[in-house]
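Structure first, commentary second.
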Amino acid sequence: MIIGNYKSNYNSDESFFGDWPNKFAFILLCLLLVLIPFISSGYVIFLFTQVAVFIIAIVGLNILTGYTGLVSLGHGALVGVGAYATAILQSQFNLDFYINIPLSIFITSLVGVFFGLPSLRIRGLYLTISTLAASFIIIFILRNWNSLTGGDSGLILDPIEIFGIKIISENNKYFFIVPLAILSILFAQNLFRTRIGRAFIAIRDADLSAEIIGVNIVKFKLMAFGLGAAYAGLAGSLWAYNFLAILPSQFELHLSILFLAALVVGGSAQTLGPVFGAFFVVIIPELLKWAMGFLTPLNPTIMEYTAPANSFVYGILIIVFMIFEPMGIASIWSRFWNYVGRWPFSP
Amino acid sequence: MFDPIFLIENSITGLFSGGIYALIGLGVVFIFRATKVFNFAHGAVMMFGAYFYLTFSEILISFGSPNWLIFLISLPLTFTASALLGMIIEKFLMRPMMGQHPFPLIMITIGLISVLEGAAAMIWTPAAQYPKPLFPLNIDFIGSLAINRQMLFSFILAIIIFLIISILFVRSRSGVAIRATATDQSTAALMGINVSGVFSLSWIIACVTGSLAGILLAPLNSLTPTLGIVGLSVISVVILGGLDSIIGVLIAAFIIGWVESMASHFFGGQYKEIVPYIIVLLIIIIKPHGLMGTRQIDRL
């Protein structure tokens, strides 16, 4: 876990992108993202959309866990709240997406603040346990409130309609969801140039000291929960519109662990962390499927091992990165560019 | 529903399962006291122990061994395997991270849940399995009260092991070493206590008691890799007991076991799984240091 925010001058502290190569890379990346649907197949586009949904959720977790230091084991369940809020609002009240998504975000962030209330009295380990409890309670409600949530069989919803175009093809979903993911990354990046974001970092580094120098811990902790949950709500809402069918089992503890794995592997408390992490957790199952495709002739039942192998690999990744590279891929990435930038005088 | 006999029966069942919870919670408390790590993966370790037992006993059954021989050979083998698992976890995952911020340690135990669950599903398939119960499934009647003999014996065994370990914790040299380490690691090390040995020992004790709990619990439900997630509910026992108190765990285990079975008695079976987590939230809000835990003081 990094302590502090090391900048050598005010300009670099206030700039949004850091330096010009970052800005350039960002514009290049945006152009590339526009091109992708035209040069790749439907499945690749589908994967990119999924990465975008994960990025939104993990950016939220990054605000909560990476920047504010409140380890949450309930983020997957909050994404579930967002997804169910969207599906229920659509099926019960027949709301359009432009009301539905903000309302889902609002509901999820209320739920997040509610389960963040224990953080007023407790910290660290106890807080992690209370988010774990919250996760089980939310999933229990989703499973058992049959009249509203459809119980174990879940809910189905209609696609979004913008100006008479149904967002149902992979291309349309891509162009709907990916920009939102980019916006949410930029919003989070900006957050940590403001008073609120810096208060979060102060709470993570030393909460008692932060309180003494005048950070209202109660307010900012709840705000971190609210913001993290709002991101989860957006991710859940888009998840629901992306798959058009949701099940309670998708949002169980495994999803929360997956998000934590992504955050740790990507690099917590860094802007690019969630991006790398989301790519990683989406690519790994594909790689495993691909590898097992080769092994199928040897053992026809090997495909059954895909799901357990996934969870095994995620766990191993958390452990290996925690021990050997606690700041994740994002820190390897920035070290690499530092090296390149200082070449031929790099150490 | 409000039949008094049925109510008493359910209460007894709840107290019996409380005995097993106490045994599971003991492992978490041991590790927490000695190393200040909260082991989220304890349920998964317990599940692994049960699978070890399943493997060894099925090998012996395939040789056609008599019952007593199966228990005599497979139980020690299971405990050895679990102790090895504990040592490996401690040596390779916990030791490098000792003395650091708690966040990486919490993350590693969370990662371990995933690793152990995935590994169990790959080795033993995700399908439900039924290991050979230690005690026969008989129902005895005391008056008109039906008592499940399997649960009764499991309860007695769990409580005996719990008491033996608690007494050793207070009386034996290793117990004193563990308590000294818990109080102050560096002073204990200066006094000549092998602190890393204490860490190993506490993980071994936790894994062995956990595997016994798994063996007792598996025939009552069924053995699947998700038993680890079920085992997470024992967090409520540990939190109610106060995280670092052994007596607290015993009392809390009975309370949780009883409340669970009352919830399933009055509201229906599915509420049993959610009760521990509601209790956890309530305790954390009302009384974070539990029934018997030491109150923590924050220092800068």
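Going by the structure tokens order, chains are called A, B, ..., each with residues numbered from 1, while ligands are numbered from 1 in the order shown.
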### Task
Select from stretch 57-230 of chain A everything DSSP, run on the backbone, classes as alpha helix (DSSP H), then give the selection as a PyMOL selection string.
chain A and resi 57-61+75-93+97-116+124-144+146-149+170-191+195-205+207-212+217-230
### Query
Quick one: which residues from chain A are at most 9 Å off chain B, using only C-alpha atoms, as a PyMOL selection string?
chain A and resi 1+69+71+117-122+124-134+136-137+140+144+206+208-209+253-254+257+260-261+264+304-320+322-323+326
Could you write out that same residue set with N, CA and C atoms as a short mmCIF file (atom, residue, chain, number, x, y, z; two decimals), in the first residue's frame?
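For reference, selection.cif as written:
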```cif
data_model
loop_
_atom_site.label_atom_id
_atom_site.label_comp_id
_atom_site.auth_asym_id
_atom_site.auth_seq_id
_atom_site.Cartn_x
_atom_site.Cartn_y
_atom_site.Cartn_z
N MET A 1 0.84 -1.20 0.00
CA MET A 1 0.00 0.00 0.00
C MET A 1 0.87 1.24 0.00
N GLY A 69 -8.89 3.10 1.71
CA GLY A 69 -8.36 2.07 2.60
C GLY A 69 -9.42 1.26 3.33
N VAL A 71 -11.34 -1.90 3.07
CA VAL A 71 -11.41 -3.12 2.27
C VAL A 71 -12.84 -3.64 2.25
N LEU A 117 -22.45 2.37 7.36
CA LEU A 117 -22.66 2.95 8.68
C LEU A 117 -21.79 2.34 9.77
N PRO A 118 -21.55 1.00 9.76
CA PRO A 118 -20.66 0.47 10.79
C PRO A 118 -19.27 1.10 10.76
N SER A 119 -18.87 1.66 9.61
CA SER A 119 -17.53 2.22 9.51
C SER A 119 -17.35 3.44 10.40
N LEU A 120 -18.47 3.96 10.95
CA LEU A 120 -18.34 5.10 11.83
C LEU A 120 -17.72 4.69 13.16
N ARG A 121 -17.94 3.43 13.54
CA ARG A 121 -17.41 3.01 14.82
C ARG A 121 -16.19 2.14 14.68
N ILE A 122 -16.05 1.48 13.56
CA ILE A 122 -15.01 0.46 13.47
C ILE A 122 -14.16 0.69 12.25
N GLY A 124 -10.69 -1.12 9.73
CA GLY A 124 -9.83 -2.25 9.40
C GLY A 124 -10.60 -3.55 9.25
N LEU A 125 -10.13 -4.53 10.00
CA LEU A 125 -10.66 -5.88 9.90
C LEU A 125 -12.17 -5.95 10.11
N TYR A 126 -12.65 -5.26 11.16
CA TYR A 126 -14.07 -5.33 11.48
C TYR A 126 -14.92 -4.82 10.32
N LEU A 127 -14.38 -3.80 9.66
CA LEU A 127 -15.12 -3.22 8.55
C LEU A 127 -15.22 -4.23 7.41
N THR A 128 -14.11 -4.92 7.13
CA THR A 128 -14.13 -5.94 6.08
C THR A 128 -15.18 -6.99 6.41
N ILE A 129 -15.21 -7.38 7.69
CA ILE A 129 -16.18 -8.40 8.09
C ILE A 129 -17.60 -7.87 7.93
N SER A 130 -17.82 -6.60 8.26
CA SER A 130 -19.19 -6.10 8.14
C SER A 130 -19.61 -6.01 6.67
N THR A 131 -18.66 -5.71 5.76
CA THR A 131 -19.05 -5.70 4.35
C THR A 131 -19.32 -7.12 3.86
N LEU A 132 -18.57 -8.09 4.41
CA LEU A 132 -18.83 -9.49 4.08
C LEU A 132 -20.26 -9.88 4.49
N ALA A 133 -20.61 -9.48 5.74
CA ALA A 133 -21.96 -9.77 6.23
C ALA A 133 -22.99 -9.10 5.34
N ALA A 134 -22.71 -7.84 4.96
CA ALA A 134 -23.64 -7.11 4.10
C ALA A 134 -23.84 -7.86 2.79
N PHE A 136 -23.60 -11.09 2.20
CA PHE A 136 -24.46 -12.26 2.37
C PHE A 136 -25.92 -11.85 2.55
N ILE A 137 -26.13 -10.75 3.29
CA ILE A 137 -27.51 -10.32 3.54
C ILE A 137 -28.17 -9.87 2.23
N PHE A 140 -28.98 -12.80 0.11
CA PHE A 140 -30.11 -13.52 0.70
C PHE A 140 -31.43 -12.86 0.30
N ASN A 144 -34.47 -14.47 -1.91
CA ASN A 144 -35.69 -14.89 -1.22
C ASN A 144 -36.89 -13.95 -1.36
N ALA A 206 -3.60 7.70 7.49
CA ALA A 206 -3.61 7.74 8.96
C ALA A 206 -4.90 8.41 9.38
N LEU A 208 -6.57 8.69 12.23
CA LEU A 208 -6.60 9.54 13.42
C LEU A 208 -5.94 10.89 13.14
N SER A 209 -4.80 10.85 12.46
CA SER A 209 -4.12 12.11 12.13
C SER A 209 -5.00 12.96 11.24
N LEU A 253 -20.21 -13.90 -3.31
CA LEU A 253 -18.88 -13.54 -2.82
C LEU A 253 -17.80 -13.69 -3.89
N HIS A 254 -17.98 -14.65 -4.80
CA HIS A 254 -16.96 -14.85 -5.84
C HIS A 254 -16.72 -13.58 -6.64
N ILE A 257 -14.65 -11.19 -4.63
CA ILE A 257 -13.25 -11.61 -4.61
C ILE A 257 -12.61 -11.33 -5.96
N LEU A 260 -11.70 -7.74 -6.08
CA LEU A 260 -10.50 -7.47 -5.28
C LEU A 260 -9.26 -7.98 -6.00
N ALA A 261 -9.38 -9.17 -6.62
CA ALA A 261 -8.25 -9.73 -7.36
C ALA A 261 -7.85 -8.77 -8.46
N VAL A 264 -6.07 -5.73 -7.00
CA VAL A 264 -4.72 -6.02 -6.53
C VAL A 264 -3.78 -6.27 -7.70
N GLU A 304 -15.06 -29.13 -17.83
CA GLU A 304 -15.73 -28.97 -16.54
C GLU A 304 -14.83 -28.28 -15.53
N TYR A 305 -13.52 -28.33 -15.77
CA TYR A 305 -12.61 -27.77 -14.79
C TYR A 305 -12.42 -26.27 -14.96
N THR A 306 -13.06 -25.68 -15.99
CA THR A 306 -12.79 -24.27 -16.28
C THR A 306 -13.14 -23.38 -15.09
N ALA A 307 -14.36 -23.53 -14.54
CA ALA A 307 -14.78 -22.63 -13.46
C ALA A 307 -13.88 -22.75 -12.23
N PRO A 308 -13.64 -23.97 -11.72
CA PRO A 308 -12.73 -24.05 -10.58
C PRO A 308 -11.33 -23.54 -10.91
N ALA A 309 -10.86 -23.82 -12.13
CA ALA A 309 -9.51 -23.35 -12.49
C ALA A 309 -9.48 -21.83 -12.46
N ASN A 310 -10.58 -21.18 -12.91
CA ASN A 310 -10.64 -19.72 -12.84
C ASN A 310 -10.45 -19.24 -11.42
N SER A 311 -11.25 -19.80 -10.50
CA SER A 311 -11.20 -19.27 -9.14
C SER A 311 -9.83 -19.58 -8.53
N PHE A 312 -9.25 -20.73 -8.89
CA PHE A 312 -7.91 -21.07 -8.42
C PHE A 312 -6.90 -20.02 -8.89
N VAL A 313 -6.97 -19.69 -10.17
CA VAL A 313 -6.00 -18.74 -10.74
C VAL A 313 -6.18 -17.35 -10.13
N TYR A 314 -7.44 -16.91 -9.94
CA TYR A 314 -7.65 -15.60 -9.33
C TYR A 314 -7.02 -15.55 -7.94
N GLY A 315 -7.25 -16.62 -7.16
CA GLY A 315 -6.69 -16.66 -5.81
C GLY A 315 -5.18 -16.60 -5.84
N ILE A 316 -4.58 -17.43 -6.72
CA ILE A 316 -3.12 -17.44 -6.84
C ILE A 316 -2.61 -16.04 -7.21
N LEU A 317 -3.35 -15.39 -8.13
CA LEU A 317 -2.92 -14.05 -8.56
C LEU A 317 -2.92 -13.07 -7.40
N ILE A 318 -4.01 -13.10 -6.60
CA ILE A 318 -4.06 -12.20 -5.43
C ILE A 318 -2.83 -12.44 -4.57
N ILE A 319 -2.57 -13.73 -4.27
CA ILE A 319 -1.49 -14.04 -3.34
C ILE A 319 -0.14 -13.63 -3.92
N VAL A 320 0.12 -14.03 -5.18
CA VAL A 320 1.42 -13.76 -5.78
C VAL A 320 1.66 -12.26 -5.89
N MET A 322 0.25 -9.88 -4.10
CA MET A 322 0.37 -9.30 -2.77
C MET A 322 1.77 -9.49 -2.22
N ILE A 323 2.37 -10.67 -2.49
CA ILE A 323 3.68 -10.93 -1.92
C ILE A 323 4.79 -10.27 -2.75
N PRO A 326 3.00 -5.75 -4.74
CA PRO A 326 1.75 -5.28 -4.13
C PRO A 326 1.12 -4.09 -4.86
#
```
### Query
Residues at most 8 Å from stretch 75-82 of chain A, counting only C-alpha atoms, excluding those fewer than 2 positions away in the same chain, as a PyMOL selection string?
chain A and resi 57+61+72-73+84-86+104-105+107-108+111-112+135-136+138-139+229+232-237+248+250-257+259
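Backbone DSSP assigns strand (DSSP E or B) in stretch 56-270 of chain B to Gln129, Ile139, Asp140, Phe141, Ile142, Leu145, Ala146, Ile147, Asn148 and Leu223 of chain B.
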### Message
Can you tell me which residues surround B:Ser196 at a distance of at most 12 Å, considering only C-alpha atoms, apart from same-chain residues fewer than 5 positions away, and format the answer as a list in words?
### Response
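The residues satisfying every condition are Ala34, Thr35, Met87, Glu90, Lys91, Met94, Arg95, Pro96, Met98, Gly99, Ala177, Ile178, Thr181, Gln185, Ser186, Ala188, Ala189, Leu201, Ser202 and Trp203 of chain B.
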Leaving out B:Thr294 and any residue of its chain fewer than 5 positions from it, which residues lie within 8 Å of it when counting only C-alpha atoms, given as a short mmCIF file (atom, residue, chain, number, x, y, z; two decimals) with N, CA and C atoms, in the first residue's frame?
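Everything below was put into selection.cif:
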```cif
data_model
loop_
_atom_site.label_atom_id
_atom_site.label_comp_id
_atom_site.auth_asym_id
_atom_site.auth_seq_id
_atom_site.Cartn_x
_atom_site.Cartn_y
_atom_site.Cartn_z
N GLY B 242 -15.50 -12.17 20.70
CA GLY B 242 -14.57 -11.09 20.98
C GLY B 242 -13.21 -11.26 20.34
N ASP B 244 -10.45 -12.54 20.43
CA ASP B 244 -9.23 -13.11 20.99
C ASP B 244 -9.49 -13.87 22.29
N SER B 245 -10.76 -14.22 22.54
CA SER B 245 -11.05 -14.90 23.79
C SER B 245 -11.55 -16.31 23.53
N HIS B 289 -16.10 -5.16 20.38
CA HIS B 289 -15.13 -6.09 20.95
C HIS B 289 -15.79 -7.33 21.54
#
```
### Message
With only C-alpha atoms as the counted atoms, please give the residues lying no more than 10 Å from stretch 205-208 of chain B, apart from itself and same-chain residues fewer than 3 positions off, as a ChimeraX atom specification.
### Response
/B:23-31,39,42-43,45-46,48-49,76,78-87,165,200-202,211-214
### Task
May I have the residues within 7 Å of stretch 330-336 of chain A as a PyMOL selection string, using only C-alpha atoms and disregarding those fewer than 5 positions away in the same chain?
chain A and resi 266-267+270+272-273+276
